[in-house]
file entry_21.cif (mmCIF, C-alpha atoms and all ligand atoms)
data_model
#
loop_
_atom_site.label_atom_id
_atom_site.label_comp_id
_atom_site.auth_asym_id
_atom_site.auth_seq_id
_atom_site.Cartn_x
_atom_site.Cartn_y
_atom_site.Cartn_z
CA MET A 1 287.09 -77.27 90.20
CA LYS A 2 285.64 -74.35 88.24
CA HIS A 3 284.05 -75.08 84.86
CA LEU A 4 284.68 -72.42 82.24
CA THR A 5 283.50 -71.26 78.84
CA ILE A 6 286.02 -69.09 77.02
CA LEU A 7 284.49 -66.81 74.39
CA GLY A 8 287.34 -65.72 72.11
CA SER A 9 289.93 -68.36 73.11
CA THR A 10 292.27 -67.58 70.19
CA GLY A 11 292.65 -63.89 71.07
CA SER A 12 295.24 -62.24 73.25
CA ILE A 13 293.07 -62.52 76.40
CA GLY A 14 291.86 -66.01 75.42
CA VAL A 15 295.41 -67.35 75.02
CA SER A 16 296.52 -65.84 78.36
CA THR A 17 293.44 -67.34 80.02
CA LEU A 18 294.31 -70.78 78.67
CA GLU A 19 297.86 -70.43 79.99
CA ILE A 20 296.43 -69.99 83.48
CA VAL A 21 294.01 -72.89 82.99
CA ALA A 22 296.90 -75.10 81.81
CA ALA A 23 298.90 -74.22 84.92
CA TYR A 24 296.03 -75.25 87.25
CA PRO A 25 294.39 -78.39 85.82
CA ASP A 26 293.01 -79.24 89.27
CA ARG A 27 291.25 -75.84 89.55
CA PHE A 28 289.89 -75.13 86.09
CA ARG A 29 288.26 -77.16 83.33
CA VAL A 30 287.27 -75.77 79.92
CA VAL A 31 283.75 -76.89 78.96
CA ALA A 32 283.40 -74.77 75.84
CA MET A 33 285.45 -72.41 73.77
CA THR A 34 284.83 -70.20 70.76
CA ALA A 35 286.95 -68.54 68.10
CA GLY A 36 286.69 -66.29 65.07
CA ARG A 37 288.96 -67.00 62.11
CA ASN A 38 292.17 -68.56 63.40
CA LEU A 39 291.26 -72.22 62.85
CA GLU A 40 294.82 -73.59 63.11
CA LEU A 41 295.33 -72.23 66.60
CA PHE A 42 291.76 -73.15 67.57
CA ALA A 43 292.23 -76.78 66.50
CA ARG A 44 295.41 -76.99 68.57
CA GLN A 45 293.57 -75.53 71.59
CA ILE A 46 290.74 -78.05 71.17
CA LYS A 47 293.23 -80.92 71.18
CA ALA A 48 295.04 -79.53 74.22
CA PHE A 49 292.00 -78.66 76.39
CA SER A 50 289.36 -81.20 75.23
CA PRO A 51 286.29 -78.98 75.58
CA ARG A 52 282.87 -80.59 75.16
CA ILE A 53 281.80 -77.81 72.76
CA ALA A 54 283.89 -75.78 70.29
CA VAL A 55 282.37 -72.99 68.22
CA VAL A 56 283.57 -71.00 65.22
CA ALA A 57 281.94 -67.64 64.52
CA ALA A 58 281.38 -68.34 60.81
CA GLN A 59 279.07 -71.24 59.99
CA GLU A 60 280.99 -71.93 56.76
CA ASP A 61 284.14 -72.75 58.78
CA VAL A 62 282.44 -75.65 60.61
CA PRO A 63 283.23 -78.43 58.06
CA ARG A 64 286.90 -77.45 57.91
CA LEU A 65 287.24 -77.37 61.68
CA ARG A 66 285.48 -80.75 61.95
CA GLU A 67 288.01 -82.14 59.49
CA MET A 68 290.92 -80.62 61.42
CA CYS A 69 289.61 -82.18 64.63
CA SER A 70 288.69 -85.60 63.26
CA GLY A 71 289.29 -88.25 65.90
CA VAL A 72 288.69 -85.76 68.74
CA THR A 73 285.49 -86.10 70.77
CA VAL A 74 284.04 -82.60 70.60
CA GLU A 75 280.79 -81.05 69.42
CA ILE A 76 281.68 -78.44 66.79
CA LEU A 77 279.13 -75.71 66.13
CA GLY A 78 279.06 -72.40 64.27
CA GLY A 79 277.41 -68.98 64.16
CA VAL A 80 275.59 -67.01 66.80
CA GLU A 81 273.53 -70.05 67.83
CA GLY A 82 276.77 -71.87 68.53
CA LEU A 83 278.19 -68.94 70.52
CA ILE A 84 275.04 -68.96 72.65
CA ALA A 85 275.27 -72.74 73.16
CA ALA A 86 278.87 -72.29 74.38
CA ALA A 87 277.94 -69.36 76.65
CA THR A 88 275.09 -71.29 78.27
CA ALA A 89 276.61 -74.81 78.42
CA GLY A 90 275.10 -76.70 81.38
CA GLU A 91 278.25 -77.42 83.42
CA THR A 92 279.76 -73.96 82.87
CA GLU A 93 279.96 -71.82 86.02
CA MET A 94 281.96 -68.90 84.67
CA VAL A 95 282.15 -67.40 81.19
CA VAL A 96 285.30 -65.52 80.17
CA ALA A 97 283.94 -62.89 77.78
CA ALA A 98 286.97 -62.20 75.57
CA ILE A 99 285.46 -61.68 72.12
CA VAL A 100 286.47 -58.29 70.73
CA GLY A 101 283.86 -55.68 69.86
CA ALA A 102 280.08 -55.57 69.78
CA ALA A 103 280.07 -59.22 68.61
CA GLY A 104 280.46 -60.06 72.33
CA LEU A 105 277.06 -58.65 73.32
CA VAL A 106 274.70 -61.48 72.45
CA PRO A 107 276.69 -64.41 73.89
CA THR A 108 277.56 -62.47 77.06
CA ALA A 109 273.89 -61.55 77.59
CA ALA A 110 272.92 -65.21 77.03
CA ALA A 111 275.47 -66.29 79.65
CA ILE A 112 274.07 -63.89 82.25
CA ARG A 113 270.51 -65.04 81.55
CA ALA A 114 271.69 -68.63 82.08
CA GLY A 115 273.03 -67.64 85.51
CA LYS A 116 276.74 -67.82 84.67
CA ASP A 117 279.29 -65.65 86.45
CA ILE A 118 281.22 -63.46 84.03
CA ALA A 119 284.92 -62.62 83.81
CA LEU A 120 284.55 -59.58 81.57
CA ALA A 121 287.28 -58.55 79.14
CA ASN A 122 284.88 -57.38 76.41
CA LYS A 123 284.50 -53.73 77.44
CA GLU A 124 282.29 -53.00 74.42
CA THR A 125 279.36 -54.75 76.16
CA LEU A 126 279.31 -52.20 78.99
CA VAL A 127 280.10 -49.30 76.66
CA THR A 128 277.15 -49.98 74.39
CA ALA A 129 274.62 -51.45 76.80
CA GLY A 130 275.91 -50.78 80.33
CA HIS A 131 272.53 -50.12 81.91
CA LEU A 132 270.99 -53.27 80.42
CA PHE A 133 273.93 -55.48 81.41
CA MET A 134 274.10 -54.18 84.97
CA ASN A 135 270.34 -54.69 85.34
CA MET A 136 270.65 -58.25 84.04
CA VAL A 137 273.56 -58.98 86.39
CA ALA A 138 271.37 -57.87 89.32
CA GLU A 139 268.25 -59.64 88.06
CA TYR A 140 269.95 -63.00 87.49
CA GLY A 141 272.15 -62.69 90.59
CA VAL A 142 275.41 -63.43 88.78
CA LYS A 143 278.85 -62.07 89.64
CA LEU A 144 280.73 -59.84 87.23
CA TYR A 145 284.51 -59.74 87.60
CA PRO A 146 286.53 -57.20 85.60
CA VAL A 147 289.44 -58.47 83.53
CA ASP A 148 290.48 -55.10 82.13
CA SER A 149 293.60 -54.21 84.14
CA GLU A 150 292.40 -50.75 85.23
CA HIS A 151 289.07 -52.11 86.41
CA SER A 152 290.68 -55.04 88.14
CA ALA A 153 292.88 -52.48 89.93
CA VAL A 154 289.84 -50.47 91.02
CA PHE A 155 288.04 -53.66 92.07
CA GLN A 156 291.06 -54.73 94.15
CA SER A 157 291.42 -51.23 95.64
CA MET A 158 287.75 -51.30 96.70
CA GLU A 159 287.95 -54.61 98.57
CA GLY A 160 286.61 -54.10 102.09
CA HIS A 161 285.49 -50.51 101.44
CA ARG A 162 282.08 -48.93 101.01
CA SER A 163 281.42 -47.52 97.56
CA GLU A 164 279.66 -44.50 99.11
CA ASP A 165 283.01 -43.48 100.66
CA ILE A 166 284.65 -43.17 97.23
CA THR A 167 285.34 -39.62 96.07
CA ARG A 168 287.23 -40.41 92.86
CA LEU A 169 288.43 -43.18 90.59
CA ILE A 170 291.73 -42.44 88.90
CA LEU A 171 292.21 -44.58 85.80
CA THR A 172 295.77 -44.66 84.54
CA ALA A 173 296.65 -44.67 80.84
CA SER A 174 300.01 -45.41 79.27
CA GLY A 175 299.39 -42.79 76.55
CA GLY A 176 300.25 -45.38 73.90
CA PRO A 177 302.98 -45.22 71.26
CA PHE A 178 302.29 -41.59 70.25
CA LEU A 179 302.43 -39.96 73.66
CA THR A 180 305.44 -37.85 72.71
CA THR A 181 304.79 -37.65 68.95
CA PRO A 182 304.02 -34.05 67.94
CA THR A 183 300.34 -33.69 66.90
CA GLU A 184 301.27 -32.49 63.40
CA GLN A 185 303.14 -35.77 62.76
CA LEU A 186 300.21 -38.00 63.75
CA ALA A 187 298.55 -37.78 60.33
CA GLY A 188 301.50 -39.61 58.79
CA VAL A 189 301.93 -42.51 61.25
CA THR A 190 301.64 -46.04 59.86
CA VAL A 191 299.70 -49.09 61.03
CA ARG A 192 302.99 -50.58 62.15
CA ASP A 193 303.81 -47.51 64.28
CA ALA A 194 300.35 -47.65 65.85
CA LEU A 195 300.59 -51.37 66.64
CA ASN A 196 303.87 -50.84 68.47
CA HIS A 197 302.54 -50.42 72.03
CA PRO A 198 305.25 -49.56 74.57
CA ASN A 199 303.98 -51.62 77.56
CA TRP A 200 301.18 -54.05 76.72
CA SER A 201 300.88 -56.86 74.20
CA MET A 202 297.22 -57.03 73.09
CA GLY A 203 294.89 -57.70 70.15
CA ARG A 204 295.05 -55.38 67.14
CA LYS A 205 291.82 -53.47 67.73
CA ILE A 206 292.53 -52.56 71.36
CA THR A 207 296.13 -51.68 70.46
CA ILE A 208 294.88 -49.09 67.95
CA ASP A 209 292.33 -47.92 70.55
CA SER A 210 295.26 -47.38 72.91
CA ALA A 211 297.13 -45.35 70.28
CA THR A 212 294.10 -43.05 69.75
CA MET A 213 293.25 -43.17 73.50
CA MET A 214 289.70 -44.24 72.59
CA ASN A 215 290.54 -47.21 74.81
CA LYS A 216 290.61 -44.95 77.86
CA GLY A 217 287.33 -43.36 76.80
CA LEU A 218 285.76 -46.82 76.59
CA GLU A 219 287.23 -47.62 80.00
CA VAL A 220 285.70 -44.53 81.61
CA LEU A 221 282.31 -45.80 80.41
CA GLU A 222 283.15 -49.31 81.58
CA ALA A 223 284.11 -48.02 85.04
CA ARG A 224 280.98 -45.90 85.27
CA TRP A 225 278.81 -49.00 84.90
CA LEU A 226 280.92 -51.53 86.77
CA PHE A 227 281.33 -49.42 89.89
CA GLY A 228 278.27 -47.16 89.69
CA VAL A 229 280.46 -44.05 90.03
CA PRO A 230 279.29 -40.95 88.10
CA VAL A 231 281.59 -39.91 85.29
CA GLU A 232 282.43 -36.57 87.00
CA LYS A 233 284.22 -38.63 89.64
CA ILE A 234 286.32 -40.59 87.12
CA ASP A 235 289.66 -39.05 86.20
CA VAL A 236 292.24 -40.19 83.68
CA ASN A 237 295.94 -39.76 84.43
CA ILE A 238 298.64 -40.54 81.91
CA HIS A 239 301.18 -42.79 83.59
CA PRO A 240 303.64 -43.92 80.88
CA GLN A 241 305.25 -46.70 82.95
CA SER A 242 301.96 -48.66 83.43
CA ILE A 243 302.99 -49.79 86.92
CA ILE A 244 300.05 -48.35 88.85
CA HIS A 245 297.05 -49.91 87.12
CA SER A 246 294.50 -47.49 88.67
CA MET A 247 293.55 -45.93 92.01
CA VAL A 248 290.60 -45.21 94.25
CA GLU A 249 290.42 -42.05 96.36
CA TYR A 250 288.28 -42.07 99.52
CA VAL A 251 286.51 -39.38 101.49
CA ASP A 252 289.26 -39.32 104.16
CA GLY A 253 291.90 -38.38 101.55
CA CYS A 254 293.42 -41.84 101.36
CA VAL A 255 294.20 -43.22 97.92
CA ILE A 256 294.51 -46.97 97.36
CA ALA A 257 296.33 -48.18 94.27
CA GLN A 258 297.14 -51.56 92.74
CA LEU A 259 300.61 -52.01 91.24
CA GLY A 260 302.37 -54.68 89.23
CA THR A 261 304.39 -55.52 86.16
CA PRO A 262 302.06 -54.94 83.19
CA ASP A 263 300.86 -58.44 82.25
CA MET A 264 297.21 -59.33 81.63
CA LYS A 265 297.71 -62.72 83.29
CA ALA A 266 297.44 -61.03 86.71
CA PRO A 267 293.95 -59.50 86.29
CA ILE A 268 292.72 -62.57 84.38
CA ALA A 269 293.86 -64.90 87.17
CA TYR A 270 292.23 -62.72 89.83
CA ALA A 271 288.90 -62.81 87.98
CA LEU A 272 289.16 -66.61 87.64
CA SER A 273 290.25 -67.44 91.17
CA TYR A 274 288.64 -64.64 93.23
CA PRO A 275 288.75 -64.30 96.20
CA GLU A 276 291.85 -66.50 96.21
CA ARG A 277 295.08 -65.61 94.45
CA VAL A 278 297.23 -67.96 92.40
CA ALA A 279 300.80 -67.69 91.12
CA THR A 280 300.79 -66.40 87.53
CA GLY A 281 304.44 -66.22 86.56
CA VAL A 282 304.09 -62.44 86.20
CA LYS A 283 307.50 -60.85 86.73
CA PRO A 284 307.82 -59.54 90.31
CA LEU A 285 307.88 -55.78 90.61
CA ASP A 286 311.15 -54.15 91.63
CA LEU A 287 310.37 -50.48 92.23
CA THR A 288 314.02 -49.71 92.91
CA ALA A 289 314.91 -50.81 89.37
CA LEU A 290 312.47 -48.34 87.78
CA PRO A 291 313.62 -44.90 86.65
CA GLY A 292 310.55 -43.29 88.26
CA LEU A 293 306.78 -43.12 88.09
CA THR A 294 305.27 -40.08 86.40
CA PHE A 295 301.71 -38.80 85.96
CA PHE A 296 300.11 -36.04 83.96
CA ARG A 297 296.83 -35.00 82.37
CA PRO A 298 295.94 -36.23 78.89
CA ASP A 299 295.91 -33.79 75.99
CA ARG A 300 292.34 -33.97 74.68
CA GLU A 301 293.13 -31.77 71.68
CA LYS A 302 295.75 -34.23 70.50
CA PHE A 303 293.83 -37.38 71.45
CA ARG A 304 290.46 -36.35 70.07
CA CYS A 305 288.91 -39.78 70.57
CA LEU A 306 289.09 -39.34 74.34
CA GLY A 307 287.10 -36.11 74.06
CA LEU A 308 284.58 -37.86 71.78
CA ALA A 309 284.08 -40.58 74.37
CA TYR A 310 283.32 -37.94 77.04
CA ARG A 311 280.88 -36.34 74.62
CA ALA A 312 279.15 -39.72 74.06
CA ILE A 313 278.92 -40.23 77.82
CA LYS A 314 277.32 -36.80 78.19
CA ASP A 315 274.83 -37.42 75.36
CA GLY A 316 274.14 -40.89 76.79
CA GLU A 317 271.37 -43.23 75.61
CA SER A 318 272.31 -44.66 72.16
CA MET A 319 275.31 -42.37 71.58
CA PRO A 320 277.98 -44.59 73.19
CA ALA A 321 276.78 -47.57 71.10
CA VAL A 322 276.99 -45.49 67.92
CA MET A 323 280.40 -44.12 68.91
CA ASN A 324 281.64 -47.65 69.58
CA ALA A 325 280.31 -48.92 66.24
CA ALA A 326 281.91 -46.03 64.33
CA ASN A 327 285.18 -46.66 66.17
CA GLU A 328 285.16 -50.35 65.20
CA ILE A 329 284.60 -49.47 61.53
CA ALA A 330 287.21 -46.70 61.55
CA VAL A 331 289.85 -48.86 63.26
CA GLU A 332 289.22 -51.68 60.78
CA ALA A 333 289.59 -49.21 57.87
CA PHE A 334 292.82 -47.85 59.38
CA LEU A 335 294.22 -51.39 59.83
CA GLU A 336 293.38 -52.12 56.18
CA GLY A 337 295.13 -48.94 55.00
CA ARG A 338 291.94 -47.22 53.85
CA LEU A 339 292.05 -44.46 56.46
CA GLY A 340 294.76 -42.27 57.96
CA PHE A 341 295.33 -42.27 61.73
CA MET A 342 293.81 -38.83 62.33
CA GLN A 343 290.78 -39.75 60.22
CA ILE A 344 289.70 -42.32 62.83
CA ALA A 345 288.46 -39.50 65.09
CA GLN A 346 286.91 -37.70 62.11
CA VAL A 347 284.83 -40.73 61.12
CA ILE A 348 283.63 -41.18 64.70
CA GLU A 349 282.80 -37.50 65.12
CA ARG A 350 280.87 -37.27 61.86
CA THR A 351 278.93 -40.43 62.68
CA MET A 352 278.05 -39.00 66.09
CA ASP A 353 277.07 -35.65 64.54
CA ALA A 354 274.62 -37.49 62.30
CA HIS A 355 273.05 -39.38 65.20
CA GLU A 356 270.12 -38.34 67.34
CA ALA A 357 270.57 -40.10 70.72
CA HIS A 358 267.55 -42.13 71.81
CA ASN A 359 266.64 -44.49 74.61
CA LEU A 360 267.69 -48.18 74.33
CA LYS A 361 265.36 -50.60 76.06
CA SER A 362 266.69 -53.98 74.93
CA ILE A 363 269.78 -55.69 73.54
CA GLU A 364 267.94 -55.84 70.20
CA GLU A 365 267.65 -52.03 70.22
CA VAL A 366 271.35 -51.76 71.09
CA LEU A 367 272.16 -53.96 68.11
CA LEU A 368 270.03 -51.72 65.87
CA ALA A 369 271.92 -48.62 67.07
CA ASP A 370 275.18 -50.53 66.52
CA ARG A 371 274.09 -51.43 62.97
CA TRP A 372 273.07 -47.83 62.28
CA GLY A 373 276.46 -46.57 63.49
CA ARG A 374 278.36 -49.10 61.38
CA ASP A 375 276.43 -48.32 58.21
CA ARG A 376 276.82 -44.59 58.65
CA ALA A 377 280.53 -44.85 59.51
CA ARG A 378 281.15 -47.05 56.45
CA GLU A 379 279.51 -44.44 54.24
CA ILE A 380 281.64 -41.70 55.80
CA CYS A 381 284.81 -43.80 55.36
CA ARG A 382 284.02 -44.31 51.68
CA GLY A 383 283.78 -40.56 51.18
CA MET A 384 287.23 -39.97 52.66
CA VAL A 385 290.52 -40.04 50.81
CA ASN A 386 293.49 -41.39 52.74
P1 LIG A 401 291.86 -60.29 69.99
O1 LIG A 401 291.55 -59.64 68.70
O2 LIG A 401 293.23 -60.73 70.26
O3 LIG A 401 290.90 -61.59 70.16
C1 LIG A 401 289.53 -61.52 69.96
C2 LIG A 401 288.89 -62.89 70.03
O4 LIG A 401 287.52 -62.77 69.59
C3 LIG A 401 289.53 -63.92 69.09
O5 LIG A 401 289.41 -65.21 69.64
C4 LIG A 401 288.67 -63.81 67.84
O6 LIG A 401 288.72 -64.97 67.05
C5 LIG A 401 287.30 -63.60 68.43
N1 LIG A 401 286.39 -62.87 67.54
C6 LIG A 401 286.67 -61.74 66.83
N2 LIG A 401 285.60 -61.35 66.14
C7 LIG A 401 284.60 -62.22 66.43
C8 LIG A 401 283.24 -62.35 66.02
N3 LIG A 401 282.67 -61.47 65.17
N4 LIG A 401 282.51 -63.36 66.53
C9 LIG A 401 283.06 -64.24 67.39
N5 LIG A 401 284.34 -64.19 67.80
C10 LIG A 401 285.10 -63.19 67.32
O7 LIG A 401 291.33 -59.31 71.14
P2 LIG A 401 291.87 -59.17 72.64
O8 LIG A 401 292.97 -58.20 72.67
O9 LIG A 401 292.06 -60.51 73.26
O10 LIG A 401 290.63 -58.43 73.32
C11 LIG A 401 289.42 -59.10 73.63
C12 LIG A 401 288.55 -58.16 74.43
O11 LIG A 401 289.19 -57.87 75.67
C13 LIG A 401 288.33 -56.79 73.76
O12 LIG A 401 287.05 -56.35 74.03
C14 LIG A 401 289.36 -55.90 74.44
O13 LIG A 401 288.94 -54.54 74.48
C15 LIG A 401 289.38 -56.48 75.83
N6 LIG A 401 290.64 -56.27 76.54
C16 LIG A 401 291.80 -56.78 76.04
C17 LIG A 401 293.00 -56.56 76.70
C18 LIG A 401 294.30 -57.15 76.19
O14 LIG A 401 295.30 -57.04 76.85
N7 LIG A 401 294.31 -57.81 75.05
C19 LIG A 401 293.01 -55.79 77.87
C20 LIG A 401 291.82 -55.29 78.36
C21 LIG A 401 290.63 -55.53 77.69
MG MG A 402 292.67 -51.55 80.07
#

call {"tool": "encode", "arguments": {"input": "entry_21.cif", "output": "C-alpha cells"}}
result
Amino acid sequence: MKHLTILGSTGSIGVSTLEIVAAYPDRFRVVAMTAGRNLELFARQIKAFSPRIAVVAAQEDVPRLREMCSGVTVEILGGVEGLIAAATAGETEMVVAAIVGAAGLVPTAAAIRAGKDIALANKETLVTAGHLFMNMVAEYGVKLYPVDSEHSAVFQSMEGHRSEDITRLILTASGGPFLTTPTEQLAGVTVRDALNHPNWSMGRKITIDSATMMNKGLEVLEARWLFGVPVEKIDVNIHPQSIIHSMVEYVDGCVIAQLGTPDMKAPIAYALSYPERVATGVKPLDLTALPGLTFFRPDREKFRCLGLAYRAIKDGESMPAVMNAANEIAVEAFLEGRLGFMQIAQVIERTMDAHEAHNLKSIEEVLLADRWGRDRAREICRGMVN
C-alpha cells in the first residue's frame, strides 16, 4: 500500500491520477489532496477518496469547502501553510506534484525536505530552480519520477543503461494545433483555436504552451536537470502523431524509444507503481492502423517561444525563472483575451531583455526572480494593444 499526497487533484493530471488510484484501492491510498478554485469537483473528490487532509489554495475558500463537506471526517486547510501540511503529511510516502506553474515550487520543496518521493508533473519547478531541486533530491535521498510523457519515455528508455553512454536525448513534440498554420495567420488565431490540441487533453496553460511550443522549451530544461544531460545533447523532433514519446541515443548508435497511445495515464501509472507496471486502460497501440510516423525539425522562426527557451537556457541563472514567469503572465493574458497569440512571445522576449541574469541560491531567491518577472511582464502586457 502506497500512501499519496496529490497536489492539484482537480487538474487534468490530478484527475487522471485519481482514476488510477480508484482502480487500485489495494495499492494506493490518498492521505492528502489540494486544489485551487474548483470547489465542486474537489468536494466530490474528498467524499470519494476520504483523505485525512484537504487543502484549498485560497484561505477565503475554506469556510465554503467546510460547509460543502459537512459530515465528512476531513481536516480542511487553506493557503500555502495548508499546501505544505499536505505535502509533508506524516503517512505520505509519495507526493504527486501536479499544481500548474510556479505555485508548485514551495509545496514540492517542502515534500522533498520531508523525505517524500516525488512523482513530478509540475515542470515549472525544474525550469525555474532545477539546480536547487536536484541538489535537494540528492541531499534528502528521495526519488524523483517524471510524469511528463517525454521524460517518462526517456526514463523508461534509460532503464538498465549507464547515463555516460548516452550521446543524445531526442524529445518529440506534436507541434500543437498550429503546426501547419502559415506564420502570417498566427496573429489572428483565437483562444478556442489554441485550446484545440490535436493529440493530448490537458490543462489550459500547458495546452497554450503546446500551441506556442514553449512547452517543449520548458521540457528541454526539465530534461537537462532530470537526466543531467547538457542541453547541446538534447534535440527536439516534431512528430505530429505523438506515438513515440521520446528517445535516447547511445554511443553504439542504438536508439531506444518508448511508444504508446497518447494518454497521460500511462506515465502517471509508471511513476506511481515503479518498478512494477499496472493496467491503465490506455488503448493498445496498433501500428498497422496508423497512416505513418513522421519526424522533422521545428521551425524556430515560427515558434519563437522555443527559441526564447534556448536563449534562457544559454543565459542560465535567473533567466529561466524570469522567462517562465513572463510566460505564465502572457498565457493568462491571452486566455483572458487581453493579448494576441503572437504577442505571447513578445511579452516574454521583452521581459527577458529587461532582465540581468543573476545567481539563485535559494528557493526564496527563485521566488523573488519569479515575482520580478511577473511584475515586469504585467507592465509590458498593459502597454500592448491586442
Ligand atoms: P490544470 O490546470 O488542469 O490543473 C492544475 C491544478 O493545480 C488544479 O488542481 C488547480 O486547482 C491547481 N492550482 C492551480 N493554481 C494553483 C495555485 N496557485 N495554488 C495551488 N493550486 C493551484 O493543469 P494540468 O494540465 O493538470 O498540469 C499540471 C502540471 O503538470 C503543469 O505543470 C503541467 O505543465 C504539467 N503537465 C501536464 C500534462 C497534462 O497532460 N495535463 C502533461 C505533462 C505535464
Ligand atoms: Mg510533455

call {"tool": "atom_distance", "arguments": {"input": "entry_21.cif", "atom1": "atom CA of Val347 of chain A", "atom2": "atom O5 of ligand LIG 401 (chain A)"}}
result
26.3 Å

call {"tool": "closest_atom_pairs", "arguments": {"input": "entry_21.cif", "of": "segment 60-136 of chain A", "to": "segment 220-233 of chain A", "cutoff": "9 Å", "atoms": "all atoms listed in the file", "output": "Markdown table"}}
result
| residue | atom | partner | partner_atom | distance |
| --- | --- | --- | --- | --- |
| A:Lys123 | CA | A:Glu222 | CA | 6.2 |
| A:Glu124 | CA | A:Glu222 | CA | 8.1 |
| A:Thr125 | CA | A:Glu222 | CA | 8.6 |
| A:Leu126 | CA | A:Glu222 | CA | 5.5 |
| A:Val127 | CA | A:Leu221 | CA | 5.6 |
| A:Thr128 | CA | A:Leu221 | CA | 9.0 |
| A:Gly130 | CA | A:Trp225 | CA | 5.7 |
| A:His131 | CA | A:Trp225 | CA | 7.0 |
| A:Phe133 | CA | A:Trp225 | CA | 8.8 |
| A:Met134 | CA | A:Trp225 | CA | 7.0 |

call {"tool": "axis_aligned_box", "arguments": {"input": "entry_21.cif", "around": "ligand LIG 401 (chain A)", "padding_each_side": "6 Å", "output": "lines of an AutoDock Vina configuration file"}}
result
center_x = 288.9
center_y = -59.9
center_z = 71.8
size_x = 24.8
size_y = 22.7
size_z = 25.2

call {"tool": "atom_distance", "arguments": {"input": "entry_21.cif", "atom1": "atom CA of Ala86 of chain A", "atom2": "atom CA of Glu328 of chain A"}}
result
24.6 Å

call {"tool": "residues_around", "arguments": {"input": "entry_21.cif", "residues": "segment 302-313 of chain A", "least_positions_apart": "5", "cutoff": "9 Å", "atoms": "all atoms listed in the file", "output": "VMD selection string"}}
result
chain A and resid 182 to 183 186 209 211 to 218 220 to 221 231 318 to 324 327 342 344 to 346 348 to 349 352

call {"tool": "write_last_selection", "arguments": {"input": "entry_21.cif", "atoms": "C-alpha atoms", "output": "CSV table (one decimal), in the frame of the given file"}}
result
chain,number,residue,atom,x,y,z
A,182,PRO,CA,304.0,-34.0,67.9
A,183,THR,CA,300.3,-33.7,66.9
A,186,LEU,CA,300.2,-38.0,63.8
A,209,ASP,CA,292.3,-47.9,70.6
A,211,ALA,CA,297.1,-45.4,70.3
A,212,THR,CA,294.1,-43.0,69.8
A,213,MET,CA,293.2,-43.2,73.5
A,214,MET,CA,289.7,-44.2,72.6
A,215,ASN,CA,290.5,-47.2,74.8
A,216,LYS,CA,290.6,-45.0,77.9
A,217,GLY,CA,287.3,-43.4,76.8
A,218,LEU,CA,285.8,-46.8,76.6
A,220,VAL,CA,285.7,-44.5,81.6
A,221,LEU,CA,282.3,-45.8,80.4
A,231,VAL,CA,281.6,-39.9,85.3
A,318,SER,CA,272.3,-44.7,72.2
A,319,MET,CA,275.3,-42.4,71.6
A,320,PRO,CA,278.0,-44.6,73.2
A,321,ALA,CA,276.8,-47.6,71.1
A,322,VAL,CA,277.0,-45.5,67.9
A,323,MET,CA,280.4,-44.1,68.9
A,324,ASN,CA,281.6,-47.6,69.6
A,327,ASN,CA,285.2,-46.7,66.2
A,342,MET,CA,293.8,-38.8,62.3
A,344,ILE,CA,289.7,-42.3,62.8
A,345,ALA,CA,288.5,-39.5,65.1
A,346,GLN,CA,286.9,-37.7,62.1
A,348,ILE,CA,283.6,-41.2,64.7
A,349,GLU,CA,282.8,-37.5,65.1
A,352,MET,CA,278.0,-39.0,66.1

call {"tool": "closest_atom_pairs", "arguments": {"input": "entry_21.cif", "of": "chain A", "to": "ligand MG 402 (chain A)", "cutoff": "6 Å", "atoms": "all atoms listed in the file", "output": "Markdown table"}}
result
| residue | atom | partner | partner_atom | distance |
| --- | --- | --- | --- | --- |
| A:Asp148 | CA | A:MG402 | MG | 4.7 |
| A:Ser149 | CA | A:MG402 | MG | 5.0 |
| A:Glu150 | CA | A:MG402 | MG | 5.2 |

call {"tool": "write_last_selection", "arguments": {"input": "entry_21.cif", "atoms": "C-alpha atoms", "output": "PDB file, in the frame of the given file"}}
result
ATOM      1  CA  ASP A 148     290.480 -55.100  82.130  1.00  0.00           C
ATOM      2  CA  SER A 149     293.600 -54.210  84.140  1.00  0.00           C
ATOM      3  CA  GLU A 150     292.400 -50.750  85.230  1.00  0.00           C
TER       4      GLU A 150
END

call {"tool": "residues_near_ligand", "arguments": {"input": "entry_21.cif", "ligand": "ligand LIG 401 (chain A)", "cutoff": "7 Å", "atoms": "all atoms listed in the file", "output": "ChimeraX atom specification"}}
result
/A:7-14,34-38,57,98-101,103-104,121-124,147-149,200-206,264

call {"tool": "closest_residue", "arguments": {"input": "entry_21.cif", "among": "A:Asp165, A:Gly260, A:Gly292, A:Gly281", "to": "Val248 of chain A", "atoms": "all atoms listed in the file"}}
result
A:Asp165

call {"tool": "decode", "arguments": {"input": "entry_21.cif", "residues": "segment 92-103 of chain A", "atoms": "C-alpha atoms", "output": "mmCIF file, in the first residue's frame"}}
result
data_model
loop_
_atom_site.group_PDB
_atom_site.id
_atom_site.type_symbol
_atom_site.label_atom_id
_atom_site.label_comp_id
_atom_site.auth_asym_id
_atom_site.auth_seq_id
_atom_site.Cartn_x
_atom_site.Cartn_y
_atom_site.Cartn_z
ATOM 1 C CA THR A 92 2.574 10.164 2.903
ATOM 2 C CA GLU A 93 5.317 8.296 1.036
ATOM 3 C CA MET A 94 4.921 9.857 -2.392
ATOM 4 C CA VAL A 95 3.754 13.312 -3.444
ATOM 5 C CA VAL A 96 2.232 13.761 -6.898
ATOM 6 C CA ALA A 97 3.264 17.318 -7.797
ATOM 7 C CA ALA A 98 0.524 18.346 -10.235
ATOM 8 C CA ILE A 99 -0.080 22.004 -9.416
ATOM 9 C CA VAL A 100 0.400 24.147 -12.517
ATOM 10 C CA GLY A 101 3.035 26.874 -12.627
ATOM 11 C CA ALA A 102 5.474 28.362 -10.147
ATOM 12 C CA ALA A 103 2.845 27.907 -7.394
#
